[in-house]
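Novice: data_29.txt is the file, holding compact mmCIF, C-alpha atoms and all ligand atoms:
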```txt
# COMPACT_ATOMS: atom_id res chain seq x y z
CA MET U 1 0.06 -23.74 30.37
CA SER U 2 0.54 -20.15 29.26
CA ARG U 3 -1.64 -18.74 26.53
CA ARG U 4 -0.75 -19.46 22.87
CA VAL U 5 -2.34 -17.51 20.03
CA TYR U 6 -1.59 -18.40 16.43
CA LEU U 7 -2.14 -15.50 14.05
CA ASP U 8 -0.09 -16.74 11.10
CA HIS U 9 -2.67 -18.63 9.05
CA ASN U 10 -1.44 -17.12 5.77
CA ALA U 11 1.86 -18.93 6.41
CA SER U 12 0.23 -22.28 7.25
CA THR U 13 -2.73 -23.79 9.06
CA PRO U 14 -3.24 -26.76 11.39
CA VAL U 15 -4.66 -29.87 9.69
CA HIS U 16 -8.42 -30.07 10.31
CA PRO U 17 -9.34 -33.18 12.39
CA GLU U 18 -11.72 -34.39 9.63
CA VAL U 19 -8.90 -33.97 7.09
CA LEU U 20 -6.53 -35.99 9.23
CA ALA U 21 -9.15 -38.74 9.68
CA ALA U 22 -9.70 -38.90 5.92
CA MET U 23 -5.95 -39.16 5.26
CA LEU U 24 -4.96 -41.76 7.85
CA PRO U 25 -6.12 -44.92 6.00
CA TYR U 26 -4.01 -43.86 3.00
CA PHE U 27 -0.72 -44.37 4.80
CA ALA U 28 -0.81 -48.02 5.88
CA GLU U 29 -4.14 -49.50 4.74
CA VAL U 30 -4.65 -48.12 1.24
CA TYR U 31 -1.06 -48.04 0.14
CA GLY U 32 -1.12 -49.18 -3.49
CA ASN U 33 0.41 -47.14 -6.26
CA PRO U 34 -2.49 -45.30 -7.93
CA SER U 35 -1.00 -46.16 -11.34
CA SER U 36 -1.19 -49.91 -10.65
CA ILE U 37 -4.11 -51.71 -12.22
CA HIS U 38 -4.66 -54.24 -9.40
CA ALA U 39 -7.15 -53.71 -6.57
CA PHE U 40 -4.53 -52.16 -4.26
CA GLY U 41 -3.74 -49.55 -6.87
CA ARG U 42 -7.39 -49.02 -7.82
CA GLU U 43 -8.34 -48.29 -4.19
CA ALA U 44 -5.66 -45.60 -4.00
CA ARG U 45 -6.80 -44.17 -7.33
CA GLU U 46 -10.41 -44.02 -6.12
CA GLY U 47 -9.36 -41.86 -3.17
CA MET U 48 -7.43 -39.59 -5.49
CA ASP U 49 -10.28 -39.41 -8.01
CA LEU U 50 -12.71 -38.32 -5.32
CA ALA U 51 -10.30 -35.58 -4.22
CA ARG U 52 -9.91 -34.42 -7.81
CA GLU U 53 -13.69 -34.22 -8.16
CA ARG U 54 -13.99 -32.21 -4.97
CA VAL U 55 -11.41 -29.68 -6.14
CA ALA U 56 -12.98 -29.50 -9.60
CA SER U 57 -16.46 -28.99 -8.19
CA PHE U 58 -15.19 -26.15 -5.97
CA LEU U 59 -13.71 -24.43 -9.04
CA LYS U 60 -16.69 -25.45 -11.24
CA VAL U 61 -14.37 -27.10 -13.77
CA SER U 62 -13.84 -30.62 -15.11
CA SER U 63 -11.75 -32.96 -12.96
CA GLN U 64 -9.56 -33.57 -16.02
CA GLU U 65 -8.42 -29.96 -15.73
CA ILE U 66 -6.85 -30.52 -12.28
CA VAL U 67 -3.21 -31.57 -11.86
CA PHE U 68 -1.82 -32.34 -8.41
CA THR U 69 1.60 -31.02 -7.44
CA SER U 70 3.91 -30.85 -4.42
CA GLY U 71 3.08 -27.27 -3.38
CA GLY U 72 1.96 -23.83 -4.42
CA THR U 73 5.55 -23.11 -5.37
CA GLU U 74 5.63 -26.00 -7.82
CA SER U 75 2.21 -25.03 -9.22
CA ASP U 76 3.43 -21.47 -9.85
CA ASN U 77 6.64 -22.68 -11.52
CA PHE U 78 4.71 -25.21 -13.55
CA ALA U 79 2.20 -22.60 -14.78
CA VAL U 80 4.65 -19.84 -15.64
CA LYS U 81 7.35 -22.05 -17.18
CA GLY U 82 4.85 -24.43 -18.78
CA LEU U 83 3.04 -21.58 -20.54
CA ALA U 84 6.27 -19.83 -21.56
CA TRP U 85 8.15 -22.93 -22.76
CA ALA U 86 5.11 -24.06 -24.78
CA ARG U 87 5.63 -20.92 -26.85
CA GLY U 88 9.42 -21.07 -26.98
CA LYS U 89 10.13 -17.36 -26.74
CA GLY U 90 8.39 -14.06 -26.19
CA HIS U 91 7.25 -11.66 -23.51
CA LEU U 92 5.75 -12.27 -20.05
CA ILE U 93 3.76 -9.95 -17.82
CA THR U 94 3.57 -10.22 -14.05
CA SER U 95 3.36 -7.78 -11.14
CA GLN U 96 5.87 -6.48 -8.64
CA VAL U 97 3.91 -7.89 -5.69
CA GLU U 98 3.74 -11.57 -6.70
CA HIS U 99 4.94 -14.35 -4.43
CA HIS U 100 8.60 -15.21 -5.04
CA ALA U 101 7.46 -18.50 -6.61
CA VAL U 102 6.11 -16.46 -9.54
CA ILE U 103 8.59 -13.58 -9.61
CA ARG U 104 11.66 -15.82 -9.44
CA ALA U 105 10.23 -18.28 -11.99
CA CYS U 106 9.72 -15.29 -14.31
CA ARG U 107 13.25 -14.05 -13.62
CA ALA U 108 14.61 -17.51 -14.44
CA LEU U 109 12.75 -17.35 -17.77
CA GLU U 110 14.16 -13.86 -18.35
CA ALA U 111 17.65 -15.33 -17.92
CA GLN U 112 16.72 -17.82 -20.66
CA GLY U 113 15.85 -15.05 -23.10
CA PHE U 114 12.19 -14.23 -22.41
CA ASP U 115 11.33 -10.54 -21.97
CA LEU U 116 9.61 -9.60 -18.73
CA THR U 117 7.41 -6.70 -17.64
CA CYS U 118 6.58 -6.42 -13.92
CA VAL U 119 3.68 -3.97 -13.63
CA GLY U 120 3.61 -1.80 -10.52
CA VAL U 121 0.85 -1.33 -7.95
CA ASP U 122 -0.78 1.63 -6.22
CA GLU U 123 -0.39 2.56 -2.54
CA PHE U 124 -2.92 -0.19 -1.64
CA GLY U 125 -0.97 -2.90 -3.48
CA MET U 126 -3.50 -3.04 -6.32
CA VAL U 127 -2.59 -3.65 -9.97
CA ASP U 128 -4.26 -1.32 -12.49
CA PRO U 129 -5.71 -3.49 -15.30
CA ASP U 130 -4.89 -0.67 -17.74
CA ASP U 131 -1.20 -1.11 -16.85
CA VAL U 132 -1.53 -4.75 -17.87
CA ARG U 133 -3.24 -3.69 -21.12
CA ARG U 134 -0.48 -1.18 -21.85
CA ALA U 135 2.22 -3.78 -21.17
CA ILE U 136 0.84 -6.21 -23.77
CA ARG U 137 2.99 -6.66 -26.87
CA PRO U 138 2.37 -8.68 -30.02
CA ASP U 139 4.74 -11.34 -28.64
CA THR U 140 3.27 -11.52 -25.10
CA VAL U 141 2.90 -15.22 -24.29
CA ALA U 142 1.48 -15.21 -20.74
CA ILE U 143 0.19 -13.00 -17.94
CA SER U 144 0.55 -14.05 -14.29
CA ILE U 145 -1.18 -11.97 -11.61
CA MET U 146 -1.99 -13.23 -8.12
CA HIS U 147 -5.52 -13.26 -6.72
CA ALA U 148 -4.77 -12.00 -3.21
CA ASN U 149 -1.50 -10.89 -1.72
CA SER U 150 -0.30 -13.01 1.19
CA GLU U 151 1.42 -10.11 2.96
CA VAL U 152 -1.08 -7.27 2.78
CA GLY U 153 -4.24 -9.14 1.74
CA THR U 154 -5.14 -6.96 -1.27
CA ILE U 155 -7.40 -8.74 -3.78
CA GLN U 156 -6.49 -7.96 -7.39
CA PRO U 157 -9.05 -7.02 -10.09
CA ILE U 158 -8.70 -10.41 -11.81
CA GLU U 159 -12.01 -10.19 -13.69
CA ALA U 160 -10.89 -7.03 -15.52
CA ILE U 161 -7.42 -8.46 -16.15
CA GLY U 162 -9.00 -11.71 -17.40
CA ARG U 163 -11.14 -9.74 -19.86
CA ILE U 164 -8.06 -7.97 -21.23
CA ALA U 165 -6.13 -11.25 -21.49
CA ARG U 166 -9.03 -12.84 -23.40
CA GLU U 167 -9.41 -9.87 -25.76
CA HIS U 168 -5.78 -10.38 -26.73
CA GLY U 169 -5.84 -14.20 -26.70
CA ILE U 170 -3.13 -14.36 -24.02
CA PRO U 171 -3.32 -17.08 -21.34
CA LEU U 172 -3.79 -15.82 -17.77
CA HIS U 173 -2.30 -17.62 -14.78
CA VAL U 174 -3.56 -16.68 -11.32
CA ASP U 175 -1.79 -17.61 -8.09
CA ALA U 176 -4.83 -18.22 -5.87
CA VAL U 177 -2.91 -19.86 -3.03
CA GLN U 178 -4.30 -17.31 -0.56
CA THR U 179 -7.90 -17.30 -1.83
CA PHE U 180 -8.62 -20.92 -2.79
CA GLY U 181 -11.07 -22.20 -0.19
CA LYS U 182 -11.43 -18.76 1.36
CA LEU U 183 -13.41 -16.94 -1.34
CA PRO U 184 -15.67 -18.20 -4.14
CA LEU U 185 -13.65 -18.79 -7.31
CA ASP U 186 -15.24 -19.01 -10.73
CA VAL U 187 -12.43 -19.49 -13.23
CA ASP U 188 -14.75 -18.99 -16.23
CA ALA U 189 -16.21 -15.73 -14.95
CA LEU U 190 -12.73 -14.49 -14.07
CA GLY U 191 -11.20 -15.51 -17.42
CA ILE U 192 -8.51 -17.70 -15.85
CA ASP U 193 -6.59 -20.31 -17.87
CA ALA U 194 -4.35 -21.63 -15.08
CA LEU U 195 -4.81 -21.34 -11.30
CA SER U 196 -2.47 -22.38 -8.48
CA PHE U 197 -3.77 -23.55 -5.10
CA SER U 198 -2.24 -25.20 -2.05
CA ALA U 199 -3.61 -27.46 0.71
CA HIS U 200 -1.75 -26.19 3.75
CA LYS U 201 -3.39 -22.75 3.66
CA ILE U 202 -6.84 -24.32 4.10
CA TYR U 203 -6.30 -26.80 6.94
CA GLY U 204 -4.90 -29.48 4.64
CA PRO U 205 -1.41 -31.03 4.79
CA LYS U 206 1.82 -29.37 3.65
CA GLY U 207 3.57 -30.45 0.46
CA VAL U 208 0.46 -31.03 -1.65
CA ALA U 209 -1.23 -28.61 -3.99
CA GLY U 210 -2.54 -28.34 -7.52
CA LEU U 211 -2.91 -26.44 -10.72
CA PHE U 212 -6.06 -25.94 -12.75
CA ILE U 213 -5.16 -25.98 -16.45
CA ARG U 214 -7.97 -25.03 -18.80
CA LYS U 215 -8.71 -27.76 -21.36
CA GLY U 216 -6.95 -26.99 -24.63
CA SER U 217 -4.38 -24.64 -23.04
CA LYS U 218 -0.98 -24.83 -24.66
CA MET U 219 1.23 -25.80 -21.75
CA VAL U 220 4.21 -28.14 -21.54
CA ALA U 221 5.21 -30.33 -18.60
CA VAL U 222 8.02 -29.08 -16.41
CA GLN U 223 8.69 -32.33 -14.55
CA HIS U 224 9.35 -35.34 -16.77
CA GLY U 225 9.17 -39.06 -16.06
CA GLY U 226 6.19 -41.42 -16.00
CA GLU U 227 2.68 -41.01 -17.36
CA HIS U 228 1.13 -39.61 -14.20
CA GLU U 229 -1.47 -36.83 -14.11
CA ARG U 230 -2.34 -37.39 -17.77
CA ARG U 231 1.33 -36.88 -18.67
CA ARG U 232 1.32 -33.34 -17.37
CA ARG U 233 3.29 -33.91 -14.14
CA ALA U 234 5.41 -37.00 -13.66
CA GLY U 235 5.89 -38.70 -10.31
CA THR U 236 3.85 -41.03 -8.11
CA GLU U 237 1.20 -38.91 -6.48
CA ASN U 238 1.09 -38.09 -2.77
CA VAL U 239 -2.15 -40.02 -2.34
CA ALA U 240 -2.73 -39.34 1.37
CA GLY U 241 -1.94 -35.66 0.87
CA ILE U 242 -4.25 -35.41 -2.13
CA VAL U 243 -7.06 -37.09 -0.17
CA GLY U 244 -6.44 -34.50 2.55
CA LEU U 245 -6.55 -31.66 0.04
CA GLY U 246 -9.87 -32.95 -1.31
CA LYS U 247 -11.36 -33.20 2.17
CA ALA U 248 -10.04 -29.75 3.12
CA VAL U 249 -11.68 -28.10 0.13
CA GLU U 250 -14.94 -29.95 0.76
CA ILE U 251 -15.00 -28.56 4.31
CA ARG U 252 -14.07 -25.06 3.13
CA ALA U 253 -16.83 -25.07 0.51
CA ARG U 254 -19.26 -25.77 3.36
CA ASP U 255 -17.85 -23.32 5.94
CA MET U 256 -16.24 -20.61 3.79
CA HIS U 257 -18.99 -17.99 3.92
CA THR U 258 -19.73 -18.10 7.64
CA GLU U 259 -16.01 -18.34 8.40
CA ALA U 260 -15.24 -15.29 6.23
CA GLU U 261 -17.84 -13.24 8.10
CA ARG U 262 -16.54 -14.37 11.47
CA VAL U 263 -12.86 -13.66 10.79
CA THR U 264 -13.68 -10.32 9.14
CA ALA U 265 -15.40 -9.21 12.36
CA LEU U 266 -12.41 -10.38 14.43
CA ARG U 267 -9.94 -8.70 12.07
CA ASP U 268 -11.85 -5.42 12.45
CA ARG U 269 -11.90 -5.86 16.23
CA LEU U 270 -8.11 -6.29 16.13
CA TRP U 271 -7.56 -3.21 13.99
CA ASP U 272 -9.95 -1.06 16.07
CA GLY U 273 -8.31 -2.23 19.29
CA VAL U 274 -4.77 -1.61 18.09
CA ARG U 275 -5.39 1.78 16.53
CA SER U 276 -7.31 3.04 19.57
CA ARG U 277 -4.39 2.22 21.87
CA VAL U 278 -1.24 2.57 19.75
CA PRO U 279 -0.28 5.91 18.14
CA GLU U 280 1.25 6.04 14.65
CA VAL U 281 -0.04 2.78 13.26
CA ARG U 282 -1.57 2.13 9.83
CA LEU U 283 -3.23 -0.81 8.13
CA SER U 284 -1.50 -1.72 4.88
CA GLY U 285 -3.26 -3.11 1.82
CA HIS U 286 -6.58 -2.16 0.29
CA PRO U 287 -9.21 -0.94 2.77
CA GLY U 288 -12.08 -2.80 1.03
CA HIS U 289 -10.74 -5.38 -1.40
CA ARG U 290 -8.85 -7.54 1.05
CA LEU U 291 -8.70 -11.06 2.44
CA PRO U 292 -11.14 -11.60 5.30
CA GLY U 293 -8.61 -12.70 7.92
CA THR U 294 -5.56 -10.59 7.11
CA ALA U 295 -4.57 -7.49 9.09
CA SER U 296 -1.15 -6.11 8.19
CA PHE U 297 0.02 -3.32 10.44
CA LEU U 298 2.67 -0.70 9.88
CA PHE U 299 4.06 0.56 13.19
CA ARG U 300 6.07 3.71 12.57
CA HIS U 301 9.59 3.79 13.99
CA VAL U 302 9.68 0.22 15.32
CA GLU U 303 11.36 -2.83 13.84
CA SER U 304 9.07 -5.68 12.73
CA GLU U 305 11.29 -8.42 14.03
CA SER U 306 11.38 -6.89 17.53
CA ILE U 307 7.58 -6.90 17.60
CA VAL U 308 7.42 -10.49 16.31
CA LEU U 309 9.94 -11.64 18.92
CA GLY U 310 8.27 -9.61 21.70
CA LEU U 311 4.88 -11.15 20.88
CA ASP U 312 6.47 -14.58 20.63
CA LEU U 313 7.52 -14.22 24.28
CA LYS U 314 3.81 -13.75 25.06
CA GLY U 315 2.92 -16.93 23.12
CA ILE U 316 1.63 -15.05 20.06
CA GLY U 317 2.67 -16.09 16.54
CA VAL U 318 2.61 -13.35 13.86
CA SER U 319 4.96 -12.60 10.97
CA ALA U 320 7.25 -9.74 10.00
CA GLY U 321 6.93 -7.74 6.80
CA SER U 322 10.53 -6.66 6.83
CA ALA U 323 13.77 -8.40 7.67
CA CYS U 324 17.01 -7.32 9.25
CA THR U 325 19.95 -8.29 7.08
CA SER U 326 23.50 -7.24 8.00
CA GLY U 327 22.26 -4.54 10.33
CA ASN U 328 19.90 -2.94 7.78
CA VAL U 329 16.13 -3.23 7.83
CA GLU U 330 14.89 -4.38 4.45
CA PRO U 331 11.19 -4.04 3.77
CA SER U 332 9.50 -6.74 1.71
CA HIS U 333 9.32 -6.33 -2.06
CA VAL U 334 5.54 -5.88 -1.68
CA LEU U 335 5.84 -2.84 0.61
CA VAL U 336 8.59 -1.39 -1.60
CA ALA U 337 6.33 -1.73 -4.66
CA MET U 338 3.53 0.01 -2.73
CA GLY U 339 5.88 2.93 -2.03
CA VAL U 340 5.57 2.59 1.77
CA PRO U 341 8.18 4.90 3.35
CA LEU U 342 10.96 3.04 5.22
CA GLU U 343 10.03 4.50 8.62
CA TRP U 344 6.64 2.74 8.30
CA ALA U 345 7.72 -0.31 6.27
CA MET U 346 10.36 -1.31 8.83
CA GLY U 347 7.55 -1.92 11.34
CA ALA U 348 5.35 -4.15 9.17
CA VAL U 349 3.66 -6.97 11.08
CA ARG U 350 1.09 -9.35 9.60
CA CYS U 351 -1.63 -10.98 11.66
CA SER U 352 -3.61 -13.63 9.79
CA LEU U 353 -6.62 -15.08 11.55
CA GLY U 354 -8.25 -18.48 11.13
CA ARG U 355 -10.67 -21.14 12.38
CA SER U 356 -9.36 -21.28 15.91
CA THR U 357 -9.11 -17.51 16.45
CA SER U 358 -11.46 -16.26 19.18
CA ALA U 359 -12.46 -12.79 20.40
CA GLU U 360 -10.49 -13.52 23.61
CA ASP U 361 -7.37 -14.21 21.51
CA ILE U 362 -7.78 -10.88 19.75
CA ASP U 363 -8.25 -9.00 23.01
CA TYR U 364 -5.15 -10.67 24.44
CA VAL U 365 -3.09 -9.64 21.38
CA ILE U 366 -4.32 -6.03 21.64
CA GLU U 367 -3.40 -6.03 25.35
CA CYS U 368 0.13 -7.25 24.55
CA VAL U 369 0.82 -5.01 21.53
CA GLU U 370 0.37 -1.64 23.21
CA PRO U 371 3.02 -1.90 25.99
CA LEU U 372 5.41 -3.76 23.65
CA VAL U 373 5.36 -1.09 20.94
CA ARG U 374 5.64 1.68 23.57
CA LYS U 375 8.69 -0.01 25.11
CA LEU U 376 10.35 -0.63 21.74
CA ARG U 377 9.81 2.97 20.67
CA GLN U 378 11.34 4.23 23.89
CA ALA U 379 14.38 2.03 23.27
CA MET U 380 14.80 3.28 19.71
CA PRO U 381 17.83 5.59 19.25
CA VAL U 382 16.86 9.27 18.92
CA GLY U 383 16.59 10.44 15.32
CA VAL U 384 16.23 6.95 13.90
CA VAL U 385 15.31 6.89 10.18
C1 LIG O 401 0.49 -16.28 -2.78
C2 LIG O 401 1.32 -17.50 -2.54
N1 LIG O 401 1.78 -18.19 -3.59
C3 LIG O 401 2.53 -19.30 -3.43
C4 LIG O 401 2.87 -19.76 -2.18
C5 LIG O 401 3.70 -21.00 -2.05
O1 LIG O 401 2.91 -22.08 -1.64
P1 LIG O 401 3.56 -23.38 -0.96
O2 LIG O 401 3.93 -22.98 0.43
O3 LIG O 401 2.47 -24.41 -0.99
O4 LIG O 401 4.74 -23.77 -1.78
C6 LIG O 401 2.41 -19.07 -1.05
C7 LIG O 401 2.79 -19.50 0.30
O5 LIG O 401 2.87 -18.72 1.21
C8 LIG O 401 1.60 -17.91 -1.24
O6 LIG O 401 1.15 -17.21 -0.21
```
Starting from the file, give its structure as structure tokens.
Specialist:
Amino acid sequence: MSRRVYLDHNASTPVHPEVLAAMLPYFAEVYGNPSSIHAFGREAREGMDLARERVASFLKVSSQEIVFTSGGTESDNFAVKGLAWARGKGHLITSQVEHHAVIRACRALEAQGFDLTCVGVDEFGMVDPDDVRRAIRPDTVAISIMHANSEVGTIQPIEAIGRIAREHGIPLHVDAVQTFGKLPLDVDALGIDALSFSAHKIYGPKGVAGLFIRKGSKMVAVQHGGEHERRRRAGTENVAGIVGLGKAVEIRARDMHTEAERVTALRDRLWDGVRSRVPEVRLSGHPGHRLPGTASFLFRHVESESIVLGLDLKGIGVSAGSACTSGNVEPSHVLVAMGVPLEWAMGAVRCSLGRSTSAEDIDYVIECVEPLVRKLRQAMPVGVV
């Protein structure tokens, strides 16, 4: 079989074999409804309780502060809308580089009458905490800033933003979907009141995630129905998925530090290899404060999608940072906010490394990138952009 290299771990990850083994009994053997009081239900609840404890212990919080959801997207919507609706009206602060799950939830609230400030970022995609401070108004009801950006990998100065939020008594939500299980997370030290995380970014299953909600936080439910999750999120829980999430975070807590070192070295090998062979290429995002396994390249005067498709033909899976819509190349909102010129932004390609990535994979990718980019540049019409 021809070689296959998956470098799209920020999009999703394969389920870890130990996670799958932990989940399997919860489909056909332990199938009770965790809300039922009989033994069948209690067995399901025990599995879920253990998962909740594992997540809570990773975040160093109480298990009562963890609510399970159907995905990072739901967690983000829940946090932003739950905090805003609990206050009825007022002003929200977020950044221009958030995931759409946060930005569009904020825009939906804006359409309902909330005021919104989206603070900008610098050329590295970093929010300036002083911009957050300056944006605060007497009626500011919530701040939502992500921990690390999924596209460019920049890690935001959450501790400083958390301090500012606390000084003003404003709740801080952090979308940690890209850092949960990859970096240590201390919600007290960082001053976080609500934190979104998702299983499928850390070798858990898709469609299961959670939200940490600090005890005593004023937040209303967004999904109504039964009494599940201490009345904070209605709906029978995805027990097998939650068990998988718990196992995934337990494994990550064990392997996170060695894995971060390993993928950082491979990421640097990839960047060094690409830049030594390909002219006119840059690394986007912050040079130091970045996710261990994320390398986002900007290839000048090439279209992202052509690179992604060209690499796909070689069995390599990466993702594009710009999209071609009706004949025009549109860079992502993150690159636009960073002020990346179009001639560079149009060639944005993200490689995100993970557990299975080897040095041989990286060398193979470097080998494939150079001739592909050269060929695509030669085919580009003269005077483009
Ligand atoms: C930063 C960030 N937030 C939220 C999400 C959405 O998570 P999910 O895919 O679990 O809905 C993602 C997924 O890519 C993400 O990277």
Novice: From the list U:Ile155, U:Ala189, U:Met48, U:Val127, which residue is nearest ligand LIG 401 (chain O) when using all atoms listed in the file?
Specialist: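 Using all atoms listed in the file, ligand LIG 401 (chain O) sits closest to U:Ile155.
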Novice: Can you pull out the residues contacting stretch 363-370 of chain U? Cut-off 8 Å, using only C-alpha atoms, and skip same-chain residues under 2 positions away; I want them as a compact mmCIF listing (two decimals) with C-alpha atoms, in the coordinates of the input.
Specialist:
```
# COMPACT_ATOMS: atom_id res chain seq x y z
CA LEU U 270 -8.11 -6.29 16.13
CA GLY U 273 -8.31 -2.23 19.29
CA VAL U 274 -4.77 -1.61 18.09
CA ARG U 277 -4.39 2.22 21.87
CA VAL U 278 -1.24 2.57 19.75
CA LEU U 311 4.88 -11.15 20.88
CA LYS U 314 3.81 -13.75 25.06
CA ILE U 316 1.63 -15.05 20.06
CA ALA U 359 -12.46 -12.79 20.40
CA GLU U 360 -10.49 -13.52 23.61
CA ASP U 361 -7.37 -14.21 21.51
CA LEU U 372 5.41 -3.76 23.65
CA VAL U 373 5.36 -1.09 20.94
CA ARG U 374 5.64 1.68 23.57
```
Novice: List all protein, DNA and RNA residues that have at least one atom no more than 9 Å from any atom of ligand LIG 401 (chain O), counting all atoms listed in the file, and write them as a CSV table (one decimal) with C-alpha atoms, keeping the file's coordinate frame.
Specialist:
```
chain,number,residue,atom,x,y,z
U,10,ASN,CA,-1.4,-17.1,5.8
U,11,ALA,CA,1.9,-18.9,6.4
U,12,SER,CA,0.2,-22.3,7.2
U,70,SER,CA,3.9,-30.8,-4.4
U,71,GLY,CA,3.1,-27.3,-3.4
U,72,GLY,CA,2.0,-23.8,-4.4
U,73,THR,CA,5.6,-23.1,-5.4
U,74,GLU,CA,5.6,-26.0,-7.8
U,75,SER,CA,2.2,-25.0,-9.2
U,76,ASP,CA,3.4,-21.5,-9.8
U,98,GLU,CA,3.7,-11.6,-6.7
U,99,HIS,CA,4.9,-14.4,-4.4
U,100,HIS,CA,8.6,-15.2,-5.0
U,101,ALA,CA,7.5,-18.5,-6.6
U,102,VAL,CA,6.1,-16.5,-9.5
U,146,MET,CA,-2.0,-13.2,-8.1
U,147,HIS,CA,-5.5,-13.3,-6.7
U,148,ALA,CA,-4.8,-12.0,-3.2
U,149,ASN,CA,-1.5,-10.9,-1.7
U,150,SER,CA,-0.3,-13.0,1.2
U,151,GLU,CA,1.4,-10.1,3.0
U,175,ASP,CA,-1.8,-17.6,-8.1
U,176,ALA,CA,-4.8,-18.2,-5.9
U,177,VAL,CA,-2.9,-19.9,-3.0
U,178,GLN,CA,-4.3,-17.3,-0.6
U,179,THR,CA,-7.9,-17.3,-1.8
U,196,SER,CA,-2.5,-22.4,-8.5
U,197,PHE,CA,-3.8,-23.6,-5.1
U,198,SER,CA,-2.2,-25.2,-2.0
U,199,ALA,CA,-3.6,-27.5,0.7
U,200,HIS,CA,-1.8,-26.2,3.8
U,201,LYS,CA,-3.4,-22.8,3.7
U,206,LYS,CA,1.8,-29.4,3.6
U,207,GLY,CA,3.6,-30.4,0.5
U,208,VAL,CA,0.5,-31.0,-1.6
U,209,ALA,CA,-1.2,-28.6,-4.0
```
Novice: With only C-alpha atoms as the basis for distance, which of U:Pro157, U:Ala86, U:Val222, U:Ala165 is at the shortest distance from U:Arg134?
Specialist: U:Ala165
Novice: Tell me, in Å to one decimal, how far atom CA of U:Arg350 is from atom CA of U:His301.
Specialist: 16.3 Å
Novice: Taking into account all atoms listed in the file, which residue in the set U:Leu185, U:His228, U:His333, U:Ala345 is nearest to U:Ile103?
Specialist: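 So, comparing all the options, the nearest one is U:His333.
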Novice: Grab the atom CA of U:Arg163 to atom CA of U:Ile136 distance for me, in Å with one decimal place.
Specialist: 13.1 Å
Novice: Find the distance between atom CA of U:Arg3 and atom CA of U:Gly181 and write it in Å to one decimal.
Specialist: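 For atom CA of U:Arg3 relative to atom CA of U:Gly181, the distance reads 28.5 Å.
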Novice: I need the residue nearest U:Val334 from this list: U:Phe58, U:Phe124, U:Tyr31, U:Phe180. Use only C-alpha atoms for the distance.
Specialist: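 Closest residue, counting only C-alpha atoms: U:Phe124.
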Novice: Around (-12.5, -29.3, -6.7) in the file's own coordinates, what residues are found within 10 Å if you use only C-alpha atoms, given back as a list of chain:residue names?
Specialist: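 Answer for this query, in the requested form: U:Leu50, U:Ala51, U:Arg52, U:Glu53, U:Arg54, U:Val55, U:Ala56, U:Ser57, U:Phe58, U:Leu59, U:Lys60, U:Val61, U:Ser62, U:Ser63, U:Glu65, U:Ile66, U:Gly181, U:Phe212, U:Leu245, U:Gly246, U:Lys247, U:Val249, U:Glu250, U:Ala253.
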Novice: Could you pull the residues within 9 Å of U:Glu123, counting all atoms listed in the file, minus those fewer than 6 positions along the same chain, as a list in words?
Specialist: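 Near U:Glu123, the qualifying residues are Ser284, Gly285, His286, Leu335, Ala337, Met338, Gly339 and Val340 of chain U.
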Novice: Skip U:Pro129 itself and residues of its chain fewer than 6 positions away, then list as a list in words all residues within 12 Å of it, counting all atoms listed in the file.
Specialist: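 Residues near the query, excluding close chain neighbours: Ile93, Thr94, Ser95, Val119, Gly120, Val121, Asp122, Ala135, Ile136, Ile143, Ile145, Gln156, Pro157, Ile158, Glu159, Ala160, Ile161, Gly162, Arg163, Ile164 and Ala165 of chain U.
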Novice: Report as JSON, numbers by chain all protein, DNA and RNA residues lying within 9 Å of U:Leu7, evaluated on all atoms listed in the file, omitting residues in the same chain fewer than 4 positions from it.
Specialist: {"U": [316, 317, 318, 319, 350, 351, 352, 353, 354, 357]}
